[in-house]
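Data first, discussion second: the structure below is written as structure tokens.
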Amino acid sequence: MRVLALTGGIGSGKSTVLEMFAALGAEVVDADQLARELVQPGQPALAEIAQAFGPSMLLPDGSLDRGRLGSLIFGDTTARLRLNAITHPRIRRRIMEEIEARRPRGGVLVLDIPLLYENGLANLAEAVVVVWVDPKTQLTRLVERNGLSEEDARRRIAVQRPLDEKRALADLVVDNNGSLAETRRQVAEIYQRYVS
Ligand code: ADP
């Protein structure tokens with residue numbers, strides 16, 4: 001089995017490209033979903049979070065108060081690093097387990113990892129595919145998709161590592177500035193190269 005990792009920036013078209021890979025027959029692993037599962041009640045990571053940041057991080061039903069945790073780590077680097085130390089090794093381990101579980105099936109596996117470079121996960125795959133658009137297109141598509149003001153959209157883009165930097169680090173780039181058909185053609189070309 002050949003393992004690719006897919007990343008991009010908010011609104012760059014990662015979900016669109018992932019669907020194209022899946023339609024061609026690729027297996028998909030959703031890193032965000034694995035990350036959410038790791039902080040469900042009963043999971044050790046959730047207990048560690050409550051221990052590190054206090055029981056106020058939990059809602060009355062025992063689940064994680066994501067909003068509260070998000071506000072805490074937003075302006076507090078130490079807290080963010082502490083949270084990452086709890087979650088990141090587990091996310092990496094879970095992704096590796098998923099890869100091993102699917103390996104016998106062969107074909108192409110695409111790891112969907114939104115913050116791949118930010119979280120140092122590039123080495124999980126044999127090649128990283130970055131979905132790239134120019135900054136103007138990214139802003140326009142994000143405003144349209146999420147119904148955001150331009151200012152809000154800019155702010156959301158600004159907290160991520162710039163897409164141009166990710167493109168420079170990528171093994172493979174899907175240029176998603178053009179039509180969906182043009183993007184599909186690039187995705188099919190990559191898929192064919194790895195599926196054999
Ligand atoms: P991401 O998952 O990277 O945040 P999406 O795949 O949701 O991005 O794409 C962002 C928005 O842009 C969506 O509304 C999507 O339908 C639209 N979009 C993506 N690619 C194209 C394209 N090539 N042409 C036109 N619209 C696109």
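In the structure tokens, each chain is lettered A, B, ... as it comes, each chain's residues begin at 1, and ligands are numbered from 1 in order of appearance.
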
Open item on the list: Using only C-alpha atoms and all ligand atoms, which residues have at least one atom no more than 7 Å from ligand 1? Output them as a list of chain:residue names.
Closed with: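 Checked against 7 Å with only C-alpha atoms and all ligand atoms; the hits are A:Gly8, A:Gly9, A:Ile10, A:Gly11, A:Ser12, A:Gly13, A:Lys14, A:Ser15, A:Thr16, A:Val17, A:Arg141, A:Leu142, A:Glu144, A:Arg145, A:Asn176, A:Asn177, A:Gly178, A:Ser179, A:Leu180, A:Thr183.
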
Task: Polymer residues at most 12 Å from segment 94-98 of chain A, only C-alpha atoms, same-chain spacing of 6 or more positions, as a PyMOL selection string - done: chain A and resi 3+5+27-38+87-88+104-105+109-113+116+121-125

Open item on the list: Let me make sure I understand: among A:Leu139, A:Pro44, A:Leu6, A:Ser56, which one has the smallest atom-to-atom distance to Ala170 of chain A if we use only C-alpha atoms?
Closed with: A:Leu6

Open item on the list: I'd like to know which residues of chain A are alpha helix (DSSP H) (by DSSP, run on the backbone); could you write them as JSON, numbers by chain?
Closed with: {"A": [14, 15, 16, 17, 18, 19, 20, 21, 22, 23, 24, 31, 32, 33, 34, 35, 36, 37, 38, 44, 45, 46, 47, 48, 49, 50, 51, 52, 53, 66, 67, 68, 69, 70, 71, 72, 73, 74, 77, 78, 79, 80, 81, 82, 83, 84, 85, 86, 87, 88, 89, 90, 91, 92, 93, 94, 95, 96, 97, 98, 99, 100, 101, 102, 135, 136, 137, 138, 139, 140, 141, 142, 143, 144, 145, 146, 150, 151, 152, 153, 154, 155, 156, 157, 158, 163, 164, 165, 166, 167, 168, 169, 180, 181, 182, 183, 184, 185, 186, 187, 188, 189, 190, 191, 192, 193, 194, 195]}

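Here atom CA of Val174 of chain A is placed at a distance of 18.8 Å from atom CA of Ile157 of chain A.
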
Open item on the list: For the structure I just gave you, how does DSSP split chain A - specifically, which residues are strand (DSSP E)? Reply as a PyMOL selection string.
Closed with: chain A and resi 2-7+27-30+108-112+127-132+172-175

Please save N, CA and C atoms of the selected residues as a short mmCIF file (atom, residue, chain, number, x, y, z; two decimals), in the first residue's frame.
data_model
loop_
_atom_site.label_atom_id
_atom_site.label_comp_id
_atom_site.auth_asym_id
_atom_site.auth_seq_id
_atom_site.Cartn_x
_atom_site.Cartn_y
_atom_site.Cartn_z
N ARG A 2 0.43 2.22 -0.77
CA ARG A 2 1.19 3.47 -0.84
C ARG A 2 0.46 4.52 0.00
N VAL A 3 1.19 5.19 0.86
CA VAL A 3 0.56 6.14 1.78
C VAL A 3 0.93 7.57 1.41
N LEU A 4 -0.09 8.35 1.11
CA LEU A 4 0.09 9.78 0.84
C LEU A 4 -0.54 10.57 1.98
N ALA A 5 -0.01 11.75 2.25
CA ALA A 5 -0.66 12.64 3.21
C ALA A 5 -1.14 13.87 2.46
N LEU A 6 -2.32 14.31 2.83
CA LEU A 6 -2.94 15.45 2.15
C LEU A 6 -3.12 16.59 3.13
N THR A 7 -2.66 17.76 2.73
CA THR A 7 -2.86 18.92 3.59
C THR A 7 -3.06 20.16 2.73
N GLU A 27 -8.29 4.79 -0.12
CA GLU A 27 -8.73 4.71 1.27
C GLU A 27 -8.38 6.04 1.93
N VAL A 28 -9.15 6.40 2.96
CA VAL A 28 -8.93 7.70 3.59
C VAL A 28 -8.88 7.53 5.11
N VAL A 29 -7.95 8.23 5.75
CA VAL A 29 -7.92 8.32 7.21
C VAL A 29 -8.05 9.79 7.59
N ASP A 30 -9.00 10.07 8.46
CA ASP A 30 -9.30 11.44 8.86
C ASP A 30 -8.64 11.73 10.22
N VAL A 108 -4.02 2.80 -2.61
CA VAL A 108 -3.53 4.09 -2.12
C VAL A 108 -4.31 4.48 -0.87
N LEU A 109 -3.59 4.90 0.14
CA LEU A 109 -4.21 5.42 1.36
C LEU A 109 -3.86 6.90 1.46
N VAL A 110 -4.87 7.73 1.67
CA VAL A 110 -4.62 9.16 1.82
C VAL A 110 -4.92 9.56 3.26
N LEU A 111 -3.91 10.09 3.92
CA LEU A 111 -4.09 10.60 5.28
C LEU A 111 -4.51 12.06 5.19
N ASP A 112 -5.68 12.36 5.70
CA ASP A 112 -6.19 13.73 5.69
C ASP A 112 -5.74 14.42 6.97
N ALA A 127 4.81 10.54 0.70
CA ALA A 127 4.81 11.83 0.02
C ALA A 127 3.68 12.70 0.56
N VAL A 128 3.94 13.98 0.65
CA VAL A 128 2.92 14.93 1.11
C VAL A 128 2.38 15.70 -0.10
N VAL A 129 1.05 15.70 -0.20
CA VAL A 129 0.37 16.45 -1.26
C VAL A 129 -0.20 17.72 -0.63
N VAL A 130 0.20 18.86 -1.14
CA VAL A 130 -0.36 20.12 -0.65
C VAL A 130 -1.33 20.68 -1.69
N VAL A 131 -2.53 21.01 -1.22
CA VAL A 131 -3.51 21.65 -2.10
C VAL A 131 -3.29 23.15 -1.98
N TRP A 132 -2.89 23.74 -3.08
CA TRP A 132 -2.47 25.13 -3.05
C TRP A 132 -3.41 26.01 -3.90
N LEU A 172 4.37 16.92 -3.54
CA LEU A 172 3.48 17.05 -4.70
C LEU A 172 2.51 18.19 -4.43
N VAL A 173 2.23 18.98 -5.47
CA VAL A 173 1.33 20.12 -5.30
C VAL A 173 0.13 19.96 -6.23
N VAL A 174 -1.07 20.13 -5.68
CA VAL A 174 -2.26 20.24 -6.52
C VAL A 174 -2.60 21.73 -6.59
N ASP A 175 -2.52 22.28 -7.77
CA ASP A 175 -2.85 23.69 -7.97
C ASP A 175 -4.36 23.78 -8.17
#

Task: Computed interatomic separation between atom CA of Gly106 of chain A and atom CA of Val195 of chain A (Å) - done: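 Computing it gives 8.5 Å between the two atoms.
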
Task: Shortest interatomic distance to Ala101 of chain A - which of A:Glu151, A:Met1, A:Leu46, A:Asn146, counting only C-alpha atoms - done: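 Residue with the minimum atom-to-atom distance to Ala101 of chain A: A:Met1.
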
Task: atom CA of Ala153 of chain A to atom CA of Asp65 of chain A, distance in Å rounded to a single decimal - done: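 Atom-to-atom, atom CA of Ala153 of chain A and atom CA of Asp65 of chain A are spaced 24.3 Å apart.
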
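The shell of residues at most 9 Å from Leu83 of chain A, with only C-alpha atoms counted and near chain neighbours (fewer than 5 positions) removed, consists of Ile49, Ala52, Phe53, Ile73, Thr78 and His88 of chain A.
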